[in-house]
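To keep things clear, I will list the structure first and then write my remarks on it.
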Amino acid sequence: MLESHPDFASTISNQGKLYKSQRRYNEAEILYRQAIEIDKIALPKNHPDLAIHLKYLAELLVATDRPKEALKLMLKSNKIEDMTIRRIFASSSDSDRITCIQQRVVPYLGGLLSLVYQYLPHSQAAKQAALNLVLKRKALTATALAAQNQAVFSDRYPQLQEIFRQWREKCKELLAFTYQVPPPEKREAHKQQLAQLQKECNELERQLAQEIPEIAMQEQMGDRREVASELPEGGQLLEFVRFDVFDFQNDSWQEARYLAFVLAQGKPSEVEMIDLGEAENIDRLIYTYRNSVIELPLPQKMMWNRNSTKKKAKHYVYDSQPGKQLREAVFDKLRDKLASCSHLVIAPDGDLNLVPFQILPEDDETTTLQDEYNISYVSVGRELLRRRIKTKGTANEPLIIADPNFDWSQHDPGIAQPESHKAVFGLNVSQMFGTLASVKFERVKATADFALTIGQQLGVEPFLQNEATGDRLLKCKSPKMLIVATHGYYSQRRKEYQRLLIELLFCSQEKQAEILAKNYGFLDEEFLAIIEALQNLEDCGNEIREKLGAIYSLVKQQINTTSAKSPVNNIEFESFKPNRHQAKVENPMMRSAIAFTGANTWFSGGQLPPDFPTMVFAQDIAGIDLGETDLTILIACQSGLGDVQTGEGVFGLRRAFAVAGSKTLIMSLWSVPTLATMLLMEQFLDYLKAGIGRAEALKKAQQYIINVTVGELQKSKLGSDILAELKLGNNLKIDSQPLAHPYFWGAWVCQGE
């Protein structure tokens, strides 16, 4: 009969939505309940349609002031969704799973959080249920990939080794093709080939997923009880979540907010939930704060010595106000929930992933949060359960890679040494572990000295200069400790658009043609949209608006060409060979990388041997075996950055190393000064050797950098080089602390165990 058919259930459910929008709640409720009863009879158990209709009824109950009954229905709906997610993950590629997250996980999680936050903020049962769902739903795609890696690298699925090898080879082919910048007449063919390669990668991923039951990991996920039992003594979990708020009265999504859940060790029944406010405001504070720390001012002002009120000394001045404002907006709202807490495990979300909480300043100007807490990070609280997984593998000897010869090419003699740049030449971007606008990586010899020192302590020979090749990392198998000291790379196309536009605005009209030709890879519809948006700004002056209009026309002309020559002054495409940096990369795991020997040669299109990896991307790292690696130290620029996706964390190197299995990752959240970093890492490893835990060892190393005096620095060559690098002059007082600015030490965070 029609009245018992699933299609009829969908029809009357849609009619119910119409009635609800008209405030005809009683009629809508009758139809929703009727649809649910039809689903229970006509559909298989746990069918997705039933989850949808339960969700619709729950939203109506909230709108009619029955939130407790609505919560029960939402939990039933989400339990069915668990089954749906399992089925999707068990037969899908990573991109399929990300789509599933956006279409299914985000709205269902957002709906339940909206209910609890707005209507049941004082219900302990509701807060517990909300935290359980957050612990289950955050960072799902990374967990699935980690399960895949662990299964493949175990001895449980020998039949999958060939598929896994094919998948890695296909990913390598896709990555190489992605970083090509085709000439005008080949753009469309290149786009189609990329799509085909991605399709082939996805199909291989699906084959792996279908053979690995661990990927459908919903049943293996713990709840707040298990997570609370794994927290360290005196520890508490801060589980942040960024979500869009659902307006149940008007069936519409509102501006996003941040919530924080607090869970104490051994107290799963005492969940706290704190509303932190609108996400836009907090994200703005994060942006301002990061700039206040990263943009180091020139040492032209005077400030008081940290521990003295009598003597003045030159220092790099730190404006602590943005940090205080961020602390007040986020952390201060949690303080009264953290009584007797000594160790914070923070699971950030959204742009909070970019904040090193431990360096947020207190009001007294001399202390930070790390003076009160040990702080470590996880993507989601359930990562604490990883330590329960027992593996049969064994770790290999430590691996240290540093000081690559970025300019090496296959025409160089095998024993050629890279040109040695001075290790001390002022604080500028070329001597930091920073992403360079020109993608010209400069040698930093201090990394070799550091690697030799640490290698001697660990009893291993580091791979340096020409031997610091990408395949050392790609072919490694679970070194007990992995240390990589080199430049990092993070492609941020929007910044390149801004750089190019500024260059075009302030050059002569004759020079524009040459600049456009050399930056061909950045000329696309997105660049046009940016130019157009600037033209439409109210405060854009007429002169600038006219220049923007002329640039727009030139760019449009370049985009529309189909000939083999550039239309701008007929400059031959081959005469400028766009740098690989200009490639448009859609996959976020292909935008973050670590530079090894030959990196400059690769970027500029020079000659390299076949299968010679010079840039190891996050996509590559996610496929290596670090399952028995206790600690990875990634001394490279902004290694903790990447594309932030709400609920899934940061798509980049930090995700890749976690997926590969490394138990702990030490990484940076901005470009860091070289020599101060070497000193910090030496201290960190000394503390580890003394038996101090990783998070506390990092904290103590950072405190050492804050407090180290000029007199102490003068006692070692590295310290003397640091003082010369600072360019603060010779009038520093012996007891002054020249590295107290968080720029020198605050970027480093400890993620994992």
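Going through the structure tokens in order, the chains are called A, B, and so on, while each chain numbers its residues from 1 and the ligands are numbered from 1 in the order shown.
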What's around segment 92-101 of chain A at 8 Å? Count only C-alpha atoms, leave out sequence neighbours fewer than 2 positions away in its own chain, and write the answer as a list in words.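 Near segment 92-101 of chain A, the qualifying residues are Ile85, Ile88, Phe89, Ala90, Gln103, Arg104, Val105, Val106, Thr141, Leu145, Asn202, Glu203, Leu204, Glu205, Arg206, Ala209 and Gln210 of chain A.
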Which residues come within 7 Å of Asp630 of chain A, counting only C-alpha atoms, excluding same-chain residues fewer than 3 positions away, as a PDB file with N, CA and C atoms, in the first residue's frame?
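Saved result, around_14.pdb, follows:
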ATOM      1  N   LYS A 480      63.054   5.133  16.511  1.00  0.00           N
ATOM      2  CA  LYS A 480      62.575   5.426  17.865  1.00  0.00           C
ATOM      3  C   LYS A 480      62.404   6.924  18.067  1.00  0.00           C
ATOM      4  N   MET A 481      63.349   7.691  17.531  1.00  0.00           N
ATOM      5  CA  MET A 481      63.253   9.148  17.546  1.00  0.00           C
ATOM      6  C   MET A 481      63.562   9.660  16.149  1.00  0.00           C
ATOM      7  N   SER A 662      53.286   8.522  14.614  1.00  0.00           N
ATOM      8  CA  SER A 662      54.208   9.073  15.605  1.00  0.00           C
ATOM      9  C   SER A 662      53.457   9.409  16.893  1.00  0.00           C
ATOM     10  N   LYS A 663      53.973   8.920  18.015  1.00  0.00           N
ATOM     11  CA  LYS A 663      53.253   9.086  19.278  1.00  0.00           C
ATOM     12  C   LYS A 663      53.267  10.533  19.767  1.00  0.00           C
ATOM     13  N   THR A 664      54.356  11.225  19.531  1.00  0.00           N
ATOM     14  CA  THR A 664      54.460  12.632  19.938  1.00  0.00           C
ATOM     15  C   THR A 664      55.130  13.418  18.823  1.00  0.00           C
TER      16      THR A 664
END
For Leu685 of chain A, please output as a ChimeraX atom specification all residues within 9 Å (counting only C-alpha atoms; exclusion window: fewer than 2 positions along the same chain). /A:454,680-683,687-690,697-698,701
Residues just named, written with all heavy atoms as a CSV table (one decimal), in the first residue's frame:
chain,number,residue,atom,x,y,z
A,454,ILE,N,73.6,16.2,18.7
A,454,ILE,CA,72.5,15.3,19.1
A,454,ILE,C,72.8,13.9,18.6
A,454,ILE,O,72.6,12.9,19.4
A,454,ILE,CB,71.1,15.7,18.6
A,454,ILE,CG1,70.8,17.2,19.1
A,454,ILE,CG2,70.1,14.8,19.0
A,454,ILE,CD1,70.9,17.3,20.6
A,680,LEU,N,67.1,26.0,22.3
A,680,LEU,CA,65.9,25.4,22.9
A,680,LEU,C,65.8,23.9,22.8
A,680,LEU,O,65.5,23.2,23.7
A,680,LEU,CB,64.6,26.1,22.3
A,680,LEU,CG,63.3,25.7,22.9
A,680,LEU,CD1,62.3,26.9,22.9
A,680,LEU,CD2,62.6,24.5,22.2
A,681,MET,N,66.1,23.4,21.5
A,681,MET,CA,66.0,22.0,21.3
A,681,MET,C,67.1,21.2,22.1
A,681,MET,O,66.9,20.1,22.5
A,681,MET,CB,66.1,21.7,19.8
A,681,MET,CG,64.9,22.1,19.1
A,681,MET,SD,63.4,21.2,19.7
A,681,MET,CE,62.1,22.2,19.1
A,682,GLU,N,68.3,21.8,22.2
A,682,GLU,CA,69.3,21.1,23.0
A,682,GLU,C,68.9,21.0,24.4
A,682,GLU,O,69.1,19.9,25.1
A,682,GLU,CB,70.6,22.0,22.9
A,682,GLU,CG,71.4,21.8,21.6
A,682,GLU,CD,72.7,22.6,21.6
A,682,GLU,OE1,73.1,23.1,22.7
A,682,GLU,OE2,73.4,22.6,20.6
A,683,GLN,N,68.3,22.0,25.0
A,683,GLN,CA,67.8,22.0,26.3
A,683,GLN,C,66.6,20.9,26.5
A,683,GLN,O,66.6,20.1,27.4
A,683,GLN,CB,67.2,23.4,26.8
A,683,GLN,CG,68.3,24.4,26.9
A,683,GLN,CD,69.3,24.1,27.9
A,683,GLN,OE1,69.0,23.7,29.0
A,683,GLN,NE2,70.6,24.3,27.6
A,687,TYR,N,66.6,17.6,28.9
A,687,TYR,CA,65.6,17.3,29.9
A,687,TYR,C,65.0,15.9,29.7
A,687,TYR,O,64.7,15.2,30.6
A,687,TYR,CB,64.5,18.4,29.9
A,687,TYR,CG,64.9,19.7,30.5
A,687,TYR,CD1,64.8,20.9,29.7
A,687,TYR,CD2,65.5,19.8,31.7
A,687,TYR,CE1,65.2,22.1,30.3
A,687,TYR,CE2,65.9,21.0,32.3
A,687,TYR,CZ,65.7,22.2,31.5
A,687,TYR,OH,66.1,23.4,32.1
A,688,LEU,N,64.8,15.6,28.4
A,688,LEU,CA,64.3,14.2,28.1
A,688,LEU,C,65.3,13.2,28.6
A,688,LEU,O,64.8,12.2,29.2
A,688,LEU,CB,64.1,14.1,26.6
A,688,LEU,CG,62.8,14.7,26.0
A,688,LEU,CD1,62.8,14.3,24.5
A,688,LEU,CD2,61.6,14.2,26.6
A,689,LYS,N,66.5,13.4,28.4
A,689,LYS,CA,67.6,12.5,28.8
A,689,LYS,C,67.6,12.3,30.3
A,689,LYS,O,67.9,11.2,30.8
A,689,LYS,CB,68.9,12.9,28.3
A,689,LYS,CG,70.1,11.9,28.5
A,689,LYS,CD,71.3,12.5,27.9
A,689,LYS,CE,72.5,11.5,28.0
A,689,LYS,NZ,73.8,12.0,27.5
A,690,ALA,N,67.2,13.3,31.0
A,690,ALA,CA,67.1,13.3,32.5
A,690,ALA,C,65.9,12.6,33.0
A,690,ALA,O,65.6,12.5,34.2
A,690,ALA,CB,67.2,14.7,33.1
A,697,ALA,N,59.2,18.6,29.6
A,697,ALA,CA,60.5,18.9,29.1
A,697,ALA,C,60.5,20.1,28.1
A,697,ALA,O,61.4,21.0,28.2
A,697,ALA,CB,61.1,17.7,28.4
A,698,LEU,N,59.5,20.2,27.3
A,698,LEU,CA,59.3,21.3,26.4
A,698,LEU,C,59.1,22.6,27.2
A,698,LEU,O,59.7,23.7,26.9
A,698,LEU,CB,58.2,21.1,25.4
A,698,LEU,CG,58.0,22.2,24.4
A,698,LEU,CD1,59.2,22.5,23.5
A,698,LEU,CD2,56.8,21.9,23.5
A,701,ALA,N,62.3,23.7,28.8
A,701,ALA,CA,63.2,24.3,27.8
A,701,ALA,C,62.8,25.7,27.4
A,701,ALA,O,63.6,26.6,27.2
A,701,ALA,CB,63.2,23.4,26.6
Nearest residue to Lys79 of chain A from the set A:Cys341, A:Gly222, A:Lys136, A:Lys127 (distances using only C-alpha atoms): A:Lys136
Can you pull out the residues contacting segment 482-488 of chain A? Cut-off 6 Å, using only C-alpha atoms, and skip same-chain residues under 4 positions away; I want them as a ChimeraX atom specification. /A:398-402,433,593-595,632-637
So that I have them on file, write out the residues from the current selection with all heavy atoms, as a short mmCIF file (atom, residue, chain, number, x, y, z; two decimals), in the first residue's frame.
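Now in result.cif:
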data_model
loop_
_atom_site.label_atom_id
_atom_site.label_comp_id
_atom_site.auth_asym_id
_atom_site.auth_seq_id
_atom_site.Cartn_x
_atom_site.Cartn_y
_atom_site.Cartn_z
N PRO A 398 67.45 5.82 16.11
CA PRO A 398 67.01 7.19 15.80
C PRO A 398 67.50 7.63 14.42
O PRO A 398 68.53 7.17 13.92
CB PRO A 398 67.65 8.03 16.91
CG PRO A 398 67.84 7.08 18.05
CD PRO A 398 68.16 5.76 17.41
N LEU A 399 66.72 8.53 13.81
CA LEU A 399 67.04 9.07 12.49
C LEU A 399 67.11 10.59 12.59
O LEU A 399 66.16 11.22 13.07
CB LEU A 399 65.98 8.65 11.47
CG LEU A 399 66.07 9.26 10.06
CD1 LEU A 399 67.37 8.84 9.38
CD2 LEU A 399 64.87 8.84 9.22
N ILE A 400 68.24 11.15 12.14
CA ILE A 400 68.43 12.61 12.17
C ILE A 400 68.77 13.07 10.75
O ILE A 400 69.73 12.58 10.14
CB ILE A 400 69.55 13.03 13.13
CG1 ILE A 400 69.30 12.46 14.54
CG2 ILE A 400 69.67 14.54 13.18
CD1 ILE A 400 70.45 12.69 15.50
N ILE A 401 68.00 14.02 10.23
CA ILE A 401 68.24 14.58 8.90
C ILE A 401 68.30 16.10 9.05
O ILE A 401 67.38 16.70 9.61
CB ILE A 401 67.11 14.21 7.91
CG1 ILE A 401 66.84 12.69 7.94
CG2 ILE A 401 67.46 14.66 6.50
CD1 ILE A 401 65.62 12.29 7.13
N ALA A 402 69.37 16.72 8.53
CA ALA A 402 69.53 18.17 8.72
C ALA A 402 70.42 18.76 7.64
O ALA A 402 71.14 18.05 6.93
CB ALA A 402 70.11 18.46 10.10
N PHE A 433 63.63 29.39 9.86
CA PHE A 433 62.95 28.26 9.26
C PHE A 433 61.63 28.78 8.76
O PHE A 433 60.57 28.54 9.30
CB PHE A 433 62.74 27.15 10.29
CG PHE A 433 64.02 26.55 10.77
CD1 PHE A 433 64.49 26.80 12.05
CD2 PHE A 433 64.77 25.76 9.94
CE1 PHE A 433 65.66 26.26 12.49
CE2 PHE A 433 65.97 25.21 10.38
CZ PHE A 433 66.41 25.46 11.65
N ALA A 593 54.88 20.91 3.15
CA ALA A 593 55.98 20.01 2.83
C ALA A 593 57.22 20.36 3.63
O ALA A 593 57.30 21.40 4.28
CB ALA A 593 56.29 20.05 1.33
N ILE A 594 58.20 19.45 3.56
CA ILE A 594 59.52 19.66 4.16
C ILE A 594 60.54 19.62 3.03
O ILE A 594 60.47 18.75 2.15
CB ILE A 594 59.85 18.56 5.19
CG1 ILE A 594 58.69 18.37 6.17
CG2 ILE A 594 61.11 18.91 5.95
CD1 ILE A 594 58.85 17.16 7.06
N ALA A 595 61.49 20.56 3.04
CA ALA A 595 62.46 20.68 1.96
C ALA A 595 63.72 19.86 2.26
O ALA A 595 64.27 19.93 3.37
CB ALA A 595 62.83 22.14 1.75
N THR A 632 58.80 12.61 17.38
CA THR A 632 59.24 13.29 16.17
C THR A 632 59.45 14.77 16.49
O THR A 632 58.54 15.41 17.04
CB THR A 632 58.21 13.16 15.04
OG1 THR A 632 58.07 11.79 14.68
CG2 THR A 632 58.64 13.95 13.82
N ILE A 633 60.62 15.27 16.19
CA ILE A 633 60.91 16.71 16.36
C ILE A 633 61.07 17.29 14.97
O ILE A 633 62.01 16.97 14.24
CB ILE A 633 62.18 16.93 17.19
CG1 ILE A 633 62.05 16.27 18.57
CG2 ILE A 633 62.45 18.43 17.36
CD1 ILE A 633 63.31 16.38 19.42
N LEU A 634 60.15 18.15 14.61
CA LEU A 634 60.14 18.74 13.27
C LEU A 634 60.56 20.19 13.39
O LEU A 634 59.75 21.08 13.70
CB LEU A 634 58.75 18.61 12.66
CG LEU A 634 58.59 19.01 11.20
CD1 LEU A 634 59.60 18.28 10.32
CD2 LEU A 634 57.18 18.73 10.73
N ILE A 635 61.84 20.43 13.17
CA ILE A 635 62.38 21.79 13.27
C ILE A 635 62.31 22.40 11.88
O ILE A 635 63.25 22.37 11.08
CB ILE A 635 63.83 21.78 13.79
CG1 ILE A 635 63.91 20.97 15.09
CG2 ILE A 635 64.32 23.21 14.04
CD1 ILE A 635 65.32 20.81 15.62
N ALA A 636 61.15 22.90 11.55
CA ALA A 636 60.89 23.49 10.25
C ALA A 636 59.82 24.54 10.44
O ALA A 636 59.06 24.50 11.41
CB ALA A 636 60.43 22.43 9.24
N CYS A 637 59.74 25.47 9.51
CA CYS A 637 58.84 26.59 9.69
C CYS A 637 57.39 26.15 9.76
O CYS A 637 56.95 25.27 9.04
CB CYS A 637 58.97 27.58 8.55
SG CYS A 637 57.94 27.21 7.13
#
Which residue of A:Leu679, A:Met667, A:Ala695, A:Leu238 approaches Ser716 of chain A most closely, using only C-alpha atoms: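 Closest to Ser716 of chain A, using only C-alpha atoms: A:Leu679.
Separating atom CA of Leu174 of chain A from atom CA of Ala195 of chain A is a distance of 9.3 Å.
Proximity to Ile282 of chain A was assessed for A:Asn579, A:Gln325, A:Ser668, A:Thr366 counting only C-alpha atoms; the smallest distance is recorded for A:Gln325.
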Would you pick out the contacts of Ser292 of chain A at 9 Å or less, using only C-alpha atoms, so that residues sharing its chain but fewer than 6 positions from it are not included, and give the list as a ChimeraX atom specification? /A:318-323
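Proximity of A:Asp275, A:Glu496, A:Asp403, A:Asp735 to Leu452 of chain A, computed with only C-alpha atoms, is greatest for A:Asp403.
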Residues of segment 333-514 of chain A in strand (DSSP E or B), written as an MDAnalysis selection string: chainID A and resid 343:347 361 368 374:377 396 399:404 432:433 463:465 477 479 481:485 488:490
Using backbone DSSP assignments, extract all alpha helix (DSSP H) residues from segment 106-254 of chain A; output them as a PyMOL selection string. chain A and resi 106-119+124-137+140-153+161-178+187-211+224-230
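Between atom CA of Gln619 of chain A and atom CA of Leu458 of chain A there is a distance of 29.1 Å.
The shell of residues at most 9 Å from segment 542-556 of chain A, with only C-alpha atoms counted and near chain neighbours (fewer than 6 positions) removed, consists of A:Leu501, A:Leu504, A:Leu505, A:Gln512, A:Ala513, A:Leu516, A:Leu523, A:Asp524, A:Glu525, A:Phe527, A:Leu528, A:Ile531, A:Glu532, A:Leu534, A:Gln535, A:Asn536, A:Val568.
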I need the chosen residues saved as a PDB file, in the first residue's frame, with N, CA, C and O atoms.
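The file below, result37.pdb, is the result:
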ATOM      1  N   LEU A 501      49.704  41.415  -6.661  1.00  0.00           N
ATOM      2  CA  LEU A 501      48.913  42.611  -6.933  1.00  0.00           C
ATOM      3  C   LEU A 501      49.635  43.868  -6.462  1.00  0.00           C
ATOM      4  O   LEU A 501      49.641  44.897  -7.160  1.00  0.00           O
ATOM      5  N   LEU A 504      52.274  44.700  -8.972  1.00  0.00           N
ATOM      6  CA  LEU A 504      51.712  45.272 -10.201  1.00  0.00           C
ATOM      7  C   LEU A 504      51.272  46.719 -10.001  1.00  0.00           C
ATOM      8  O   LEU A 504      51.407  47.556 -10.902  1.00  0.00           O
ATOM      9  N   LEU A 505      50.734  47.018  -8.825  1.00  0.00           N
ATOM     10  CA  LEU A 505      50.233  48.365  -8.559  1.00  0.00           C
ATOM     11  C   LEU A 505      51.357  49.393  -8.485  1.00  0.00           C
ATOM     12  O   LEU A 505      51.166  50.566  -8.835  1.00  0.00           O
ATOM     13  N   GLN A 512      54.663  45.839 -16.098  1.00  0.00           N
ATOM     14  CA  GLN A 512      53.557  44.942 -15.772  1.00  0.00           C
ATOM     15  C   GLN A 512      53.530  43.712 -16.668  1.00  0.00           C
ATOM     16  O   GLN A 512      53.237  42.606 -16.211  1.00  0.00           O
ATOM     17  N   ALA A 513      53.820  43.897 -17.947  1.00  0.00           N
ATOM     18  CA  ALA A 513      53.780  42.770 -18.887  1.00  0.00           C
ATOM     19  C   ALA A 513      54.741  41.668 -18.459  1.00  0.00           C
ATOM     20  O   ALA A 513      54.393  40.487 -18.446  1.00  0.00           O
ATOM     21  N   LEU A 516      53.495  39.922 -15.198  1.00  0.00           N
ATOM     22  CA  LEU A 516      52.376  39.022 -15.474  1.00  0.00           C
ATOM     23  C   LEU A 516      52.863  37.735 -16.130  1.00  0.00           C
ATOM     24  O   LEU A 516      52.404  36.635 -15.794  1.00  0.00           O
ATOM     25  N   LEU A 523      47.613  33.571 -12.497  1.00  0.00           N
ATOM     26  CA  LEU A 523      46.581  34.303 -13.219  1.00  0.00           C
ATOM     27  C   LEU A 523      45.382  33.391 -13.459  1.00  0.00           C
ATOM     28  O   LEU A 523      45.391  32.532 -14.336  1.00  0.00           O
ATOM     29  N   ASP A 524      44.349  33.565 -12.648  1.00  0.00           N
ATOM     30  CA  ASP A 524      43.159  32.730 -12.749  1.00  0.00           C
ATOM     31  C   ASP A 524      41.944  33.513 -12.280  1.00  0.00           C
ATOM     32  O   ASP A 524      42.042  34.704 -11.927  1.00  0.00           O
ATOM     33  N   GLU A 525      40.801  32.862 -12.279  1.00  0.00           N
ATOM     34  CA  GLU A 525      39.553  33.536 -11.925  1.00  0.00           C
ATOM     35  C   GLU A 525      39.552  34.015 -10.473  1.00  0.00           C
ATOM     36  O   GLU A 525      38.932  35.027 -10.141  1.00  0.00           O
ATOM     37  N   PHE A 527      42.120  35.185  -8.827  1.00  0.00           N
ATOM     38  CA  PHE A 527      42.877  36.436  -8.805  1.00  0.00           C
ATOM     39  C   PHE A 527      42.021  37.579  -9.341  1.00  0.00           C
ATOM     40  O   PHE A 527      42.007  38.688  -8.783  1.00  0.00           O
ATOM     41  N   LEU A 528      41.265  37.311 -10.400  1.00  0.00           N
ATOM     42  CA  LEU A 528      40.351  38.324 -10.931  1.00  0.00           C
ATOM     43  C   LEU A 528      39.318  38.743  -9.883  1.00  0.00           C
ATOM     44  O   LEU A 528      38.985  39.925  -9.758  1.00  0.00           O
ATOM     45  N   ILE A 531      40.844  41.167  -7.407  1.00  0.00           N
ATOM     46  CA  ILE A 531      40.997  42.508  -7.998  1.00  0.00           C
ATOM     47  C   ILE A 531      39.647  43.216  -8.029  1.00  0.00           C
ATOM     48  O   ILE A 531      39.528  44.395  -7.668  1.00  0.00           O
ATOM     49  N   GLU A 532      38.614  42.491  -8.448  1.00  0.00           N
ATOM     50  CA  GLU A 532      37.275  43.076  -8.552  1.00  0.00           C
ATOM     51  C   GLU A 532      36.751  43.496  -7.183  1.00  0.00           C
ATOM     52  O   GLU A 532      36.128  44.557  -7.038  1.00  0.00           O
ATOM     53  N   LEU A 534      38.486  44.453  -4.603  1.00  0.00           N
ATOM     54  CA  LEU A 534      39.192  45.667  -4.185  1.00  0.00           C
ATOM     55  C   LEU A 534      38.657  46.893  -4.926  1.00  0.00           C
ATOM     56  O   LEU A 534      38.542  47.982  -4.340  1.00  0.00           O
ATOM     57  N   GLN A 535      38.331  46.717  -6.192  1.00  0.00           N
ATOM     58  CA  GLN A 535      37.761  47.830  -6.963  1.00  0.00           C
ATOM     59  C   GLN A 535      36.451  48.323  -6.353  1.00  0.00           C
ATOM     60  O   GLN A 535      36.136  49.510  -6.413  1.00  0.00           O
ATOM     61  N   ASN A 536      35.697  47.412  -5.760  1.00  0.00           N
ATOM     62  CA  ASN A 536      34.370  47.745  -5.238  1.00  0.00           C
ATOM     63  C   ASN A 536      34.387  48.283  -3.818  1.00  0.00           C
ATOM     64  O   ASN A 536      33.338  48.628  -3.279  1.00  0.00           O
ATOM     65  N   VAL A 568      50.872  38.814 -23.546  1.00  0.00           N
ATOM     66  CA  VAL A 568      51.465  40.048 -23.062  1.00  0.00           C
ATOM     67  C   VAL A 568      52.826  40.238 -23.717  1.00  0.00           C
ATOM     68  O   VAL A 568      53.786  39.528 -23.424  1.00  0.00           O
TER      69      VAL A 568
END
Pick from A:Ala139, A:Arg386, A:Gln557, A:Arg327 nearest to Arg655 of chain A, counting only C-alpha atoms: A:Ala139
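In this model, the gap between atom CA of Val672 of chain A and atom CA of Asp351 of chain A comes to 19.8 Å.
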Compile a residue-level contact table for segment 660-708 of chain A against segment 718-722 of chain A at a cut-off of 12 Å, reporting for every qualifying residue the shortest atom pair and its distance in Å to one decimal, with only C-alpha atoms counted, rows ordered by chain and ascending number, as JSON lines.
{"residue": "A:Pro673", "atom": "CA", "partner": "A:Ile722", "partner_atom": "CA", "distance": 9.7}
{"residue": "A:Thr674", "atom": "CA", "partner": "A:Ile722", "partner_atom": "CA", "distance": 9.0}
{"residue": "A:Leu675", "atom": "CA", "partner": "A:Ile722", "partner_atom": "CA", "distance": 5.9}
{"residue": "A:Ala676", "atom": "CA", "partner": "A:Ile722", "partner_atom": "CA", "distance": 6.5}
{"residue": "A:Thr677", "atom": "CA", "partner": "A:Ile722", "partner_atom": "CA", "distance": 10.0}
{"residue": "A:Met678", "atom": "CA", "partner": "A:Leu718", "partner_atom": "CA", "distance": 8.4}
{"residue": "A:Leu679", "atom": "CA", "partner": "A:Leu718", "partner_atom": "CA", "distance": 7.4}
{"residue": "A:Leu680", "atom": "CA", "partner": "A:Gly719", "partner_atom": "CA", "distance": 11.1}
{"residue": "A:Glu682", "atom": "CA", "partner": "A:Leu718", "partner_atom": "CA", "distance": 10.7}
{"residue": "A:Ile705", "atom": "CA", "partner": "A:Gly719", "partner_atom": "CA", "distance": 10.9}
{"residue": "A:Val708", "atom": "CA", "partner": "A:Gly719", "partner_atom": "CA", "distance": 9.7}
